[in-house]
>>> print(open('upload_29.cif').read())   # mmCIF, C-alpha atoms
data_entry
#
loop_
_atom_site.label_atom_id
_atom_site.label_comp_id
_atom_site.auth_asym_id
_atom_site.auth_seq_id
_atom_site.Cartn_x
_atom_site.Cartn_y
_atom_site.Cartn_z
CA MET V 624 108.02 -108.41 -61.41
CA LYS V 625 106.23 -111.72 -61.39
CA ASN V 626 106.72 -112.04 -57.62
CA LYS V 627 105.37 -108.51 -56.97
CA THR V 628 102.27 -109.29 -59.07
CA LYS V 629 101.68 -112.45 -57.07
CA ILE V 630 102.02 -110.60 -53.76
CA PHE V 631 99.58 -107.94 -54.92
CA PHE V 632 97.09 -110.58 -56.07
CA ASN V 633 97.31 -112.40 -52.75
CA LYS V 634 96.71 -109.18 -50.77
CA PHE V 635 93.77 -108.22 -53.01
CA THR V 636 92.22 -111.64 -52.61
CA ALA V 637 92.57 -111.48 -48.83
CA VAL V 638 91.07 -108.00 -48.58
CA LEU V 639 88.21 -108.95 -50.90
CA THR V 640 87.50 -112.14 -48.95
CA ALA V 641 87.53 -110.23 -45.64
CA GLY V 642 85.21 -107.58 -47.08
CA ILE V 643 82.75 -110.15 -48.34
CA MET V 644 82.78 -111.91 -44.97
CA SER V 645 82.25 -108.62 -43.14
CA MET V 646 79.31 -107.66 -45.38
CA ALA V 647 77.77 -111.10 -44.97
CA MET V 648 78.06 -110.94 -41.20
CA LEU V 649 76.68 -107.38 -41.11
CA THR V 650 73.72 -108.39 -43.23
CA PHE V 651 73.11 -111.44 -41.05
CA VAL V 652 73.24 -109.43 -37.82
CA GLN V 653 71.02 -106.66 -39.16
CA ALA V 654 68.48 -109.21 -40.32
CA GLU V 655 68.20 -110.58 -36.79
CA ASP V 656 68.69 -107.41 -34.79
CA TYR V 657 66.06 -106.93 -32.06
CA THR V 658 66.93 -103.34 -31.17
CA SER V 659 63.78 -101.94 -32.78
CA ASP V 660 61.64 -104.64 -31.13
CA ILE V 661 63.13 -103.76 -27.74
CA ALA V 662 62.53 -100.06 -28.41
CA ASP V 663 58.92 -100.75 -29.42
CA LEU V 664 58.31 -102.75 -26.24
CA GLU V 665 59.94 -100.06 -24.14
CA ARG V 666 57.64 -97.47 -25.72
CA ARG V 667 54.68 -99.77 -25.07
CA GLN V 668 55.73 -100.15 -21.44
CA ALA V 669 56.04 -96.38 -21.13
CA GLU V 670 52.53 -95.97 -22.56
CA LEU V 671 51.16 -98.58 -20.16
CA ALA V 672 52.93 -96.88 -17.27
CA ASP V 673 51.40 -93.52 -18.22
CA GLU V 674 47.96 -95.09 -18.57
CA ARG V 675 48.36 -96.90 -15.26
CA GLU V 676 49.34 -93.64 -13.57
CA ARG V 677 46.23 -91.96 -15.01
CA ILE V 678 44.00 -94.89 -14.02
CA GLU V 679 45.43 -95.01 -10.50
CA GLN V 680 44.88 -91.27 -10.15
CA SER V 681 41.32 -91.68 -11.44
CA LEU V 682 40.77 -94.61 -9.07
CA LYS V 683 42.02 -92.59 -6.13
CA GLU V 684 39.74 -89.67 -7.03
CA CYS V 685 36.72 -91.98 -7.51
CA GLU V 686 37.34 -93.74 -4.20
CA ASN V 687 37.76 -90.39 -2.42
CA ASN V 688 34.60 -89.01 -4.03
CA ALA V 689 32.65 -92.18 -3.23
CA GLU V 690 33.80 -91.90 0.37
CA LEU V 691 32.87 -88.20 0.40
CA TYR V 692 29.37 -88.93 -0.91
CA GLU V 693 29.02 -91.73 1.61
CA GLN V 694 29.61 -89.11 4.28
CA TYR V 695 27.02 -86.89 2.59
CA LEU V 696 24.52 -89.77 2.67
CA GLU V 697 25.15 -90.30 6.37
CA GLN V 698 24.65 -86.60 7.02
CA TYR V 699 21.46 -86.41 4.97
CA ASP V 700 20.16 -89.62 6.49
CA GLU V 701 20.56 -88.00 9.91
CA LYS V 702 18.91 -84.80 8.66
CA MET V 703 15.97 -86.80 7.24
CA LYS V 704 15.54 -88.62 10.56
CA ILE V 705 15.50 -85.29 12.40
CA GLN V 706 13.05 -83.85 9.87
CA GLU V 707 10.80 -86.90 10.11
CA GLN V 708 10.86 -86.58 13.90
CA GLU V 709 9.98 -82.89 13.53
CA ILE V 710 7.03 -83.81 11.31
CA ASP V 711 5.90 -86.45 13.81
CA ASN V 712 6.07 -83.83 16.59
CA ILE V 713 4.00 -81.41 14.48
CA LYS V 714 1.49 -84.17 13.81
CA GLU V 715 1.19 -84.75 17.56
CA GLN V 716 0.66 -81.01 18.06
CA ILE V 717 -2.03 -81.06 15.39
CA SER V 718 -3.66 -84.07 17.07
CA VAL V 719 -3.69 -82.23 20.42
CA LEU V 720 -5.10 -79.11 18.75
CA GLU V 721 -7.80 -81.17 17.07
CA GLN V 722 -8.76 -82.66 20.43
CA ASP V 723 -8.75 -79.21 22.06
CA ILE V 724 -10.84 -77.74 19.23
CA SER V 725 -13.27 -80.66 19.42
CA ALA V 726 -13.59 -80.31 23.21
CA LEU V 727 -13.98 -76.55 23.01
CA SER V 728 -16.56 -76.86 20.26
CA GLU V 729 -18.55 -79.28 22.43
CA LYS V 730 -18.26 -76.89 25.35
CA ILE V 731 -19.45 -73.96 23.24
CA GLU V 732 -22.33 -76.05 21.97
CA ALA V 733 -23.28 -76.95 25.56
CA LYS V 734 -23.16 -73.29 26.60
CA ARG V 735 -25.32 -72.36 23.64
CA THR V 736 -27.79 -75.06 24.62
CA GLU V 737 -27.84 -73.77 28.19
CA VAL V 738 -28.42 -70.21 26.99
CA ASP V 739 -31.20 -71.36 24.73
CA GLU V 740 -32.84 -73.20 27.64
CA ASP V 741 -32.54 -70.21 30.00
CA ILE V 742 -33.87 -67.87 27.37
CA GLU V 743 -36.79 -70.22 26.81
CA ASP V 744 -37.55 -70.27 30.59
CA PHE V 745 -37.30 -66.49 30.70
CA LYS V 746 -39.68 -66.22 27.77
CA GLN V 747 -42.15 -68.49 29.54
CA ARG V 748 -42.07 -66.34 32.64
CA LEU V 749 -42.57 -63.18 30.62
CA ARG V 750 -45.42 -64.82 28.75
CA VAL V 751 -47.06 -65.77 32.06
CA MET V 752 -46.61 -62.28 33.46
CA TYR V 753 -47.98 -60.81 30.27
CA MET V 754 -51.00 -63.13 30.30
CA THR V 755 -51.90 -62.41 33.96
CA GLY V 756 -51.38 -58.68 33.43
CA ASN V 757 -53.22 -56.46 36.07
CA ASP V 758 -54.69 -59.48 37.85
CA SER V 759 -51.30 -60.44 38.99
CA ILE V 760 -50.60 -56.94 40.21
CA ALA V 761 -54.02 -56.79 41.86
CA SER V 762 -53.40 -60.11 43.55
CA MET V 763 -50.08 -58.87 44.72
CA LEU V 764 -51.73 -55.69 46.16
CA VAL V 765 -54.61 -57.60 47.81
CA GLY V 766 -52.35 -60.14 49.29
CA SER V 767 -50.00 -57.53 50.76
CA THR V 768 -50.41 -56.59 54.44
CA ASP V 769 -49.09 -53.10 54.02
CA PHE V 770 -47.30 -50.78 51.58
CA TYR V 771 -43.89 -52.09 52.45
CA ASP V 772 -45.03 -55.58 51.71
CA ILE V 773 -46.15 -54.39 48.26
CA LEU V 774 -42.77 -52.82 47.61
CA ALA V 775 -41.02 -55.97 48.73
CA ARG V 776 -43.06 -58.10 46.37
CA MET V 777 -42.42 -55.77 43.42
CA GLU V 778 -38.65 -55.77 44.20
CA LEU V 779 -38.67 -59.56 44.17
CA VAL V 780 -40.27 -59.68 40.73
CA GLU V 781 -37.74 -57.18 39.44
CA ARG V 782 -34.81 -59.12 40.88
CA ILE V 783 -35.99 -62.33 39.31
CA SER V 784 -36.23 -60.62 35.98
CA ARG V 785 -32.77 -59.00 36.40
CA HIS V 786 -31.23 -62.30 37.49
CA ASP V 787 -32.53 -64.02 34.40
CA LYS V 788 -31.13 -61.28 32.21
CA ASN V 789 -27.73 -61.29 33.95
CA MET V 790 -27.50 -65.03 33.74
CA ILE V 791 -28.20 -64.96 29.99
CA ASP V 792 -25.70 -62.13 29.50
CA GLU V 793 -23.06 -64.11 31.43
CA LEU V 794 -23.70 -67.18 29.33
CA ASN V 795 -23.41 -65.15 26.15
CA GLU V 796 -20.12 -63.67 27.40
CA ASN V 797 -18.82 -67.16 28.10
CA ILE V 798 -19.80 -68.16 24.59
CA ARG V 799 -17.97 -65.13 23.16
CA GLU V 800 -14.85 -66.02 25.18
CA LEU V 801 -15.05 -69.63 24.10
CA ASN V 802 -15.48 -68.56 20.48
CA SER V 803 -12.44 -66.29 20.80
CA GLU V 804 -10.46 -69.20 22.26
CA LEU V 805 -11.73 -71.42 19.45
CA THR V 806 -10.60 -68.85 16.88
CA GLU V 807 -7.12 -68.81 18.45
CA LEU V 808 -6.98 -72.60 18.36
CA GLU V 809 -8.09 -72.67 14.73
CA GLU V 810 -5.47 -70.05 13.83
CA LYS V 811 -2.87 -72.07 15.69
CA MET V 812 -4.08 -75.17 13.84
CA THR V 813 -3.69 -73.35 10.51
CA ALA V 814 -0.16 -72.22 11.43
CA THR V 815 0.75 -75.72 12.63
CA GLU V 816 -0.58 -77.31 9.45
CA LYS V 817 1.48 -74.83 7.40
CA LYS V 818 4.50 -75.69 9.53
CA LYS V 819 3.84 -79.36 8.79
CA ALA V 820 3.54 -78.68 5.07
CA ASP V 821 6.81 -76.69 5.10
CA ALA V 822 8.53 -79.50 7.01
CA GLU V 823 7.26 -82.04 4.48
CA VAL V 824 8.64 -79.89 1.64
CA ILE V 825 12.02 -79.77 3.39
CA LEU V 826 11.90 -83.56 3.90
CA LYS V 827 11.10 -84.07 0.23
CA GLU V 828 14.06 -81.88 -0.75
CA LEU V 829 16.30 -83.83 1.62
CA GLN V 830 15.08 -87.10 0.12
CA GLU V 831 15.71 -85.87 -3.43
CA THR V 832 19.20 -84.68 -2.48
CA TYR V 833 19.82 -88.03 -0.77
CA ARG V 834 18.82 -89.88 -3.96
CA ASP V 835 21.06 -87.62 -6.06
CA HIS V 836 24.01 -88.26 -3.73
CA ALA V 837 23.27 -92.00 -3.76
CA GLU V 838 23.29 -92.01 -7.58
CA THR V 839 26.52 -89.98 -7.68
CA LYS V 840 28.14 -92.30 -5.13
CA ALA V 841 27.05 -95.34 -7.18
CA TRP V 842 28.55 -93.76 -10.33
CA TYR V 843 31.90 -93.18 -8.62
CA GLU V 844 31.86 -96.73 -7.23
CA LYS V 845 31.15 -98.12 -10.71
CA GLN V 846 33.90 -95.99 -12.21
CA ALA V 847 36.30 -97.08 -9.45
CA GLU V 848 35.51 -100.74 -10.16
CA MET V 849 36.18 -100.18 -13.87
CA ASP V 850 39.49 -98.51 -12.95
CA ARG V 851 40.41 -101.48 -10.72
CA GLN V 852 39.64 -103.92 -13.53
CA ARG V 853 41.68 -101.85 -15.98
CA THR V 854 44.55 -101.70 -13.48
CA VAL V 855 44.57 -105.50 -13.32
CA GLU V 856 44.55 -105.65 -17.12
CA ILE V 857 47.40 -103.13 -17.34
CA GLU V 858 49.41 -105.10 -14.78
CA GLN V 859 48.97 -108.22 -16.93
CA GLU V 860 49.86 -106.31 -20.09
CA GLN V 861 52.92 -104.90 -18.33
CA ALA V 862 53.93 -108.38 -17.19
CA ASP V 863 53.47 -109.72 -20.74
CA ALA V 864 55.44 -106.80 -22.19
CA GLU V 865 58.20 -107.31 -19.63
CA GLN V 866 58.37 -111.02 -20.49
CA GLN V 867 58.55 -110.22 -24.20
CA LEU V 868 61.16 -107.56 -23.49
CA GLN V 869 63.31 -110.04 -21.56
CA ASP V 870 62.89 -112.55 -24.39
CA PHE V 871 64.06 -109.97 -26.92
CA ILE V 872 66.94 -108.95 -24.65
CA ARG V 873 68.03 -112.60 -24.42
CA LYS V 874 67.81 -112.91 -28.19
CA GLN V 875 69.75 -109.68 -28.59
CA GLN V 876 72.37 -111.02 -26.18
CA GLU V 877 72.63 -114.15 -28.30
CA ILE V 878 73.06 -112.01 -31.41
CA ASN V 879 75.65 -109.87 -29.66
CA GLU V 880 77.46 -113.01 -28.53
CA ARG V 881 77.38 -114.45 -32.03
CA LYS V 882 78.48 -111.13 -33.40
CA ARG V 883 81.43 -111.03 -30.99
CA LYS V 884 82.46 -114.55 -31.96
CA GLU V 885 82.09 -113.78 -35.65
CA GLU V 886 84.10 -110.59 -35.17
CA GLU V 887 86.77 -112.55 -33.32
CA GLU V 888 86.75 -115.19 -36.08
CA ARG V 889 86.96 -112.50 -38.75
CA ARG V 890 89.89 -110.83 -37.01
CA ARG V 891 91.54 -114.20 -36.44
CA LYS V 892 91.28 -115.02 -40.14
CA GLU V 893 92.49 -111.54 -41.05
CA GLU V 894 95.44 -112.05 -38.73
CA GLU V 895 96.12 -115.46 -40.20
CA GLU V 896 95.97 -113.97 -43.69
CA ARG V 897 98.20 -111.12 -42.60
CA ARG V 898 100.70 -113.61 -41.15
CA ARG V 899 100.52 -115.77 -44.25
CA GLN V 900 101.15 -112.74 -46.45
CA GLU V 901 103.94 -111.59 -44.16
CA GLU V 902 105.53 -115.04 -44.30
CA GLU V 903 105.20 -115.03 -48.08
CA ARG V 904 106.79 -111.58 -48.22
CA ARG V 905 109.64 -112.73 -46.02
CA ARG V 906 110.09 -115.93 -48.05
CA GLN V 907 110.23 -113.96 -51.26
CA GLU V 908 112.58 -111.42 -49.67
CA GLU V 909 114.83 -114.24 -48.49
CA GLU V 910 114.74 -115.80 -51.93
CA ARG V 911 115.70 -112.46 -53.49
CA ARG V 912 118.59 -111.98 -51.05
CA ARG V 913 119.76 -115.57 -51.60
CA GLN V 914 119.74 -115.11 -55.36
CA GLU V 915 121.60 -111.80 -55.07
CA ALA V 916 124.22 -113.43 -52.78
CA GLU V 917 124.73 -116.31 -55.23
CA ALA V 918 125.01 -113.87 -58.12
CA ASN V 919 127.64 -111.89 -56.24
CA GLY V 920 129.46 -115.03 -55.10
CA GLU V 921 128.71 -114.20 -51.48
CA GLU V 922 127.71 -116.48 -48.65
CA TYR V 923 123.98 -116.21 -47.88
CA VAL V 924 123.03 -115.57 -44.23
CA PRO V 925 119.27 -116.00 -43.39
CA GLU V 926 117.57 -113.01 -41.72
CA ASP V 927 116.80 -113.26 -38.00
CA THR V 928 112.95 -113.07 -37.55
CA SER V 929 112.87 -113.63 -33.82
CA ASP V 930 111.49 -110.08 -33.21
CA SER V 931 108.51 -110.55 -35.52
CA ASP V 932 104.95 -110.08 -34.27
CA ASP V 933 103.96 -113.71 -34.74
CA ASN V 934 102.85 -113.81 -31.13
CA TYR V 935 99.95 -111.47 -31.90
CA ASP V 936 97.25 -111.83 -29.18
CA THR V 937 93.73 -112.06 -30.53
CA ASP V 938 92.22 -112.01 -27.03
CA GLN V 939 92.36 -108.22 -27.09
CA TYR V 940 89.33 -108.29 -29.39
CA VAL V 941 87.07 -109.95 -26.81
CA THR V 942 84.60 -107.24 -25.71
CA GLY V 943 82.83 -109.09 -22.92
CA SER V 944 83.74 -111.27 -19.99
CA SER V 945 81.90 -113.09 -17.22
CA GLU V 946 84.67 -112.41 -14.77
CA GLY V 947 86.14 -109.35 -13.11
CA PHE V 948 82.93 -107.43 -12.27
CA ILE V 949 83.32 -104.34 -10.07
CA TRP V 950 81.04 -102.54 -7.60
CA PRO V 951 78.69 -100.30 -9.67
CA CYS V 952 78.70 -97.29 -7.30
CA PRO V 953 82.33 -96.48 -6.43
CA THR V 954 81.37 -93.60 -4.09
CA VAL V 955 78.51 -95.40 -2.31
CA LEU V 956 79.70 -98.43 -0.38
CA ASN V 957 76.49 -99.26 1.46
CA MET V 958 73.82 -101.86 0.67
CA THR V 959 70.34 -101.75 2.19
CA ASP V 960 68.15 -104.45 0.61
CA GLY V 961 69.80 -107.64 -0.53
CA TYR V 962 68.82 -110.31 -3.03
CA GLY V 963 65.86 -112.54 -2.14
CA GLU V 964 62.62 -112.43 -0.15
CA ARG V 965 61.81 -109.18 1.65
CA TYR V 966 58.84 -107.31 3.20
CA ILE V 967 57.86 -103.94 1.70
CA VAL V 968 56.60 -101.84 4.61
CA GLU V 969 55.23 -99.06 2.39
CA GLU V 970 53.04 -101.54 0.48
CA GLY V 971 52.46 -104.02 3.30
CA ARG V 972 53.38 -107.11 1.31
CA ASN V 973 56.13 -109.66 0.71
CA ASP V 974 58.26 -109.43 -2.42
CA PHE V 975 61.20 -111.17 -4.05
CA HIS V 976 64.00 -108.66 -4.57
CA LYS V 977 65.74 -109.46 -7.85
CA GLY V 978 68.87 -107.47 -7.07
CA ILE V 979 70.54 -105.34 -4.42
CA ASP V 980 69.90 -101.72 -3.42
CA ILE V 981 72.90 -99.43 -2.99
CA THR V 982 72.36 -96.17 -1.13
CA LYS V 983 73.47 -93.76 1.56
CA PRO V 984 72.20 -90.37 2.80
CA GLY V 985 72.73 -87.66 0.22
CA CYS V 986 73.71 -90.06 -2.58
CA ALA V 987 71.49 -88.42 -5.23
CA GLY V 988 73.56 -87.67 -8.31
CA GLU V 989 76.46 -89.97 -7.38
CA PRO V 990 77.89 -91.77 -10.46
CA ILE V 991 76.93 -95.29 -11.51
CA VAL V 992 79.57 -97.15 -13.55
CA ALA V 993 79.58 -100.20 -15.78
CA SER V 994 80.40 -103.21 -13.67
CA ALA V 995 82.12 -104.76 -16.67
CA SER V 996 82.70 -103.92 -20.32
CA GLY V 997 79.91 -104.68 -22.74
CA THR V 998 77.17 -103.44 -25.09
CA VAL V 999 74.26 -101.27 -23.93
CA ILE V 1000 70.95 -103.00 -24.68
CA THR V 1001 68.55 -100.67 -22.84
CA ALA V 1002 68.99 -97.04 -21.82
CA SER V 1003 65.64 -95.41 -21.10
CA ASN V 1004 62.59 -95.20 -18.85
CA THR V 1005 60.37 -98.06 -20.00
CA GLY V 1006 57.77 -97.55 -17.30
CA ASN V 1007 58.24 -101.06 -15.91
CA GLY V 1008 59.06 -99.80 -12.42
CA TYR V 1009 62.80 -99.51 -12.94
CA GLY V 1010 62.51 -95.85 -13.93
CA ILE V 1011 65.48 -94.63 -15.94
CA HIS V 1012 67.70 -97.68 -16.21
CA VAL V 1013 70.49 -99.24 -18.25
CA VAL V 1014 71.02 -102.88 -19.24
CA ILE V 1015 74.49 -103.93 -20.41
CA ASP V 1016 75.26 -107.19 -22.22
CA HIS V 1017 78.66 -108.54 -21.16
CA GLY V 1018 78.72 -111.68 -23.28
CA ASP V 1019 78.50 -115.29 -22.08
CA LYS V 1020 74.72 -114.66 -21.68
CA ILE V 1021 75.42 -112.32 -18.74
CA ALA V 1022 73.82 -108.89 -18.42
CA THR V 1023 73.69 -106.27 -15.66
CA LEU V 1024 70.90 -103.82 -14.88
CA TYR V 1025 71.23 -100.43 -13.15
CA ALA V 1026 67.86 -98.88 -12.16
CA HIS V 1027 66.17 -95.77 -10.69
CA MET V 1028 68.74 -93.40 -12.23
CA SER V 1029 68.15 -89.67 -12.23
CA SER V 1030 69.62 -89.72 -15.75
CA CYS V 1031 71.77 -91.94 -17.96
CA CYS V 1032 74.63 -90.90 -20.22
CA VAL V 1033 74.89 -93.86 -22.62
CA SER V 1034 72.77 -95.00 -25.55
CA VAL V 1035 71.57 -98.32 -26.97
CA GLY V 1036 74.24 -100.10 -28.98
CA GLU V 1037 77.09 -98.21 -27.35
CA GLU V 1038 80.16 -100.16 -26.28
CA VAL V 1039 81.15 -99.25 -22.72
CA LYS V 1040 84.27 -100.03 -20.73
CA GLN V 1041 84.44 -101.33 -17.19
CA GLY V 1042 84.28 -98.40 -14.75
CA GLN V 1043 82.81 -96.00 -17.32
CA THR V 1044 80.09 -93.74 -15.93
CA ILE V 1045 76.73 -94.74 -17.41
CA GLY V 1046 74.33 -92.72 -15.23
CA TYR V 1047 73.61 -91.16 -11.85
CA ILE V 1048 71.76 -92.29 -8.72
CA GLY V 1049 68.17 -91.08 -8.53
CA CYS V 1050 64.64 -91.99 -7.49
CA THR V 1051 62.74 -92.65 -10.74
CA GLY V 1052 60.25 -95.48 -11.23
CA TYR V 1053 58.88 -97.43 -8.25
CA ALA V 1054 61.35 -96.20 -5.65
CA TYR V 1055 61.01 -94.88 -2.09
CA GLY V 1056 64.26 -92.95 -2.05
CA ASN V 1057 67.46 -92.26 -3.96
CA HIS V 1058 69.37 -95.48 -4.62
CA CYS V 1059 70.82 -97.72 -7.32
CA HIS V 1060 69.05 -101.05 -7.87
CA PHE V 1061 71.63 -103.45 -9.35
CA GLU V 1062 70.87 -106.82 -10.96
CA VAL V 1063 72.91 -109.55 -12.62
CA ARG V 1064 71.06 -111.72 -15.12
CA VAL V 1065 72.31 -114.98 -16.56
CA ASN V 1066 70.47 -116.07 -19.71
CA GLY V 1067 67.70 -113.65 -18.76
CA GLN V 1068 67.27 -115.00 -15.23
CA HIS V 1069 68.13 -112.89 -12.20
CA THR V 1070 70.78 -114.18 -9.81
CA ASN V 1071 72.48 -112.94 -6.67
CA PRO V 1072 74.71 -109.98 -7.66
CA LEU V 1073 76.94 -110.62 -4.64
CA ASN V 1074 78.22 -113.70 -6.47
CA TYR V 1075 79.80 -111.27 -8.94
CA VAL V 1076 80.55 -108.02 -7.06
CA SER V 1077 81.66 -106.96 -3.61
CA MET V 1078 82.34 -103.62 -1.92
#
>>> encode(input="upload_29.cif", output="structure tokens")
Amino acid sequence: MKNKTKIFFNKFTAVLTAGIMSMAMLTFVQAEDYTSDIADLERRQAELADERERIEQSLKECENNAELYEQYLEQYDEKMKIQEQEIDNIKEQISVLEQDISALSEKIEAKRTEVDEDIEDFKQRLRVMYMTGNDSIASMLVGSTDFYDILARMELVERISRHDKNMIDELNENIRELNSELTELEEKMTATEKKKADAEVILKELQETYRDHAETKAWYEKQAEMDRQRTVEIEQEQADAEQQLQDFIRKQQEINERKRKEEEERRRKEEEERRRQEEERRRQEEERRRQEAEANGEEYVPEDTSDSDDNYDTDQYVTGSSEGFIWPCPTVLNMTDGYGERYIVEEGRNDFHKGIDITKPGCAGEPIVASASGTVITASNTGNGYGIHVVIDHGDKIATLYAHMSSCCVSVGEEVKQGQTIGYIGCTGYAYGNHCHFEVRVNGQHTNPLNYVSM
């Protein structure tokens, strides 16, 4: 009975000690867990990505509108030049009309002067004829040689008088014609001046519209510049958030590594305690059998323990390994972009590619598997360009990243096995086609994945 009580006490002590150690380690890990920090940064990155998308759309619209209003300004500038030329032409027409009116007015005035002079001469002749009266007629009769000569002289006087009258009438008719022509010119001048005024109104409207378009164009240009500045700020904020995220991921990897080691240590101690208890049980069982044999006068034969489980392998509890990585896309054995410097044709710039791109025609939806066993650190779309992506911590400060997925089928904190499907090939994030972007990071720094995997 005493031996059974001792065995029970030993087992209770071991279980209690293991429980206390487990609770202590759990509390320690929870106190330093960065999962929520990583999630917060991922949400922040998603917010920045959404804002950047809105800003870039706004920038594109502002630039397009500014360009459109620049075209409007060019069109209205051409219209104003044409309208100004039209006004200049009308001014020239008015100048010609003014000259014609001035010349015609002078001509009319000259004709009037000539008429006045002829009328004055005619009046003088009539006055003379009136003053001489019958004496003139008598002189004409006395001086005549015969009757026909008298008639001839009277006809001459009449003709002179008729000529004067006709000449005056002709001059007056010329004046009337000139006045009619002057009236036409003045009416044409009035119409031309109205045409000039209308053209000036149109020019003023064109100028006002031009100013409005110039102000609108300036507003879009100012807004576009503000969007560009904000884009630069967002890019910096995204870079800062990404750096913080990588720092937290490294810290989480360290915690995971420490947690694995503590778990291994806990299991090792549990196994040692289990073995110690098993050895104690066997010793006590042997002692009981020996005592029974002696009591019965029998020869004691020790029990064969060669088939015991003393060779228990604790390595099975190791959840991560830096060796034995496999190709992450078992159905897509084609790599396009490798690790290192490259030129992005779509963006027209050089770039350092931090991983490898795995793709083939029609690969959308093909499975992506864990290259090695480990713990999922990230499984979301953080908006950092990777789109929907997964990061797995494999221990030994090694992590793998699988990006641009159409969807993922694991969650943060989940333990995955090598070859387990974690997502599917897609084109999310900054991608120009369906593919899997695969990275291997050592202590948070990217390295050539081909040092770990091969097709």
>>> atom_distance(input="upload_29.cif", atom1="atom CA of Gln876 of chain V", atom2="atom CA of Ala662 of chain V")
14.9 Å
>>> closest_residue(input="upload_29.cif", among="V:Ser996, V:Thr815, V:Thr1044, V:Asn687", to="Thr954 of chain V", atoms="only C-alpha atoms")
V:Thr1044
>>> resolve_selection(input="upload_29.cif", expression="the PyMOL selection byres ((chain V and resi 862) around 12)", output="short mmCIF file (atom, residue, chain, number, x, y, z; two decimals) with C-alpha atoms, keeping the file's coordinate frame")
data_model
loop_
_atom_site.label_atom_id
_atom_site.label_comp_id
_atom_site.auth_asym_id
_atom_site.auth_seq_id
_atom_site.Cartn_x
_atom_site.Cartn_y
_atom_site.Cartn_z
CA LEU V 664 58.31 -102.75 -26.24
CA ARG V 667 54.68 -99.77 -25.07
CA GLN V 668 55.73 -100.15 -21.44
CA LEU V 671 51.16 -98.58 -20.16
CA ALA V 672 52.93 -96.88 -17.27
CA VAL V 855 44.57 -105.50 -13.32
CA GLU V 856 44.55 -105.65 -17.12
CA ILE V 857 47.40 -103.13 -17.34
CA GLU V 858 49.41 -105.10 -14.78
CA GLN V 859 48.97 -108.22 -16.93
CA GLU V 860 49.86 -106.31 -20.09
CA GLN V 861 52.92 -104.90 -18.33
CA ASP V 863 53.47 -109.72 -20.74
CA ALA V 864 55.44 -106.80 -22.19
CA GLU V 865 58.20 -107.31 -19.63
CA GLN V 866 58.37 -111.02 -20.49
CA GLN V 867 58.55 -110.22 -24.20
CA LEU V 868 61.16 -107.56 -23.49
CA GLN V 869 63.31 -110.04 -21.56
CA GLY V 1006 57.77 -97.55 -17.30
CA ASN V 1007 58.24 -101.06 -15.91
CA GLY V 1008 59.06 -99.80 -12.42
#
>>> resolve_selection(input="upload_29.cif", expression="the PyMOL selection byres ((chain V and resi 692) around 10)", output="list in words")
Glu686, Asn687, Asn688, Ala689, Glu690, Leu691, Glu693, Gln694, Tyr695, Leu696, Glu697, Gln698, Tyr833, Asp835, His836, Ala837, Glu838, Thr839, Lys840, Ala841 and Tyr843 of chain V
>>> residues_around(input="upload_29.cif", residues="Thr1023 of chain V", least_positions_apart="6", cutoff="7 Å", atoms="all atoms listed in the file", output="VMD selection string")
chain V and resid 1014 to 1016 1062 to 1064
>>> resolve_selection(input="upload_29.cif", expression="the PyMOL selection byres ((chain V and resi 720) around 12)", output="PyMOL selection string")
chain V and resi 713-719+721-728+804-816
>>> atom_distance(input="upload_29.cif", atom1="atom CA of Ile981 of chain V", atom2="atom CA of Cys1059 of chain V")
5.1 Å
>>> closest_residue(input="upload_29.cif", among="V:Ile791, V:Val1033, V:Arg851, V:Phe948", to="Glu740 of chain V", atoms="all atoms listed in the file")
V:Ile791
>>> atom_distance(input="upload_29.cif", atom1="atom CA of Ile1011 of chain V", atom2="atom CA of Tyr1053 of chain V")
10.5 Å
>>> closest_residue(input="upload_29.cif", among="V:Gly1010, V:Lys1020, V:Arg899, V:Arg904", to="Ala669 of chain V", atoms="only C-alpha atoms")
V:Gly1010
>>> closest_atom_pairs(input="upload_29.cif", of="segment 1011-1058 of chain V", to="segment 963-979 of chain V", cutoff="10 Å", atoms="all atoms listed in the file", output="tab-separated table")
residue	atom	partner	partner_atom	distance
V:Thr1023	CA	V:Gly978	CA	9.9
V:Leu1024	CA	V:Gly978	CA	8.9
V:Tyr1025	CA	V:Gly978	CA	9.6
V:Tyr1055	CA	V:Glu969	CA	8.4
V:His1058	CA	V:Ile979	CA	9.9
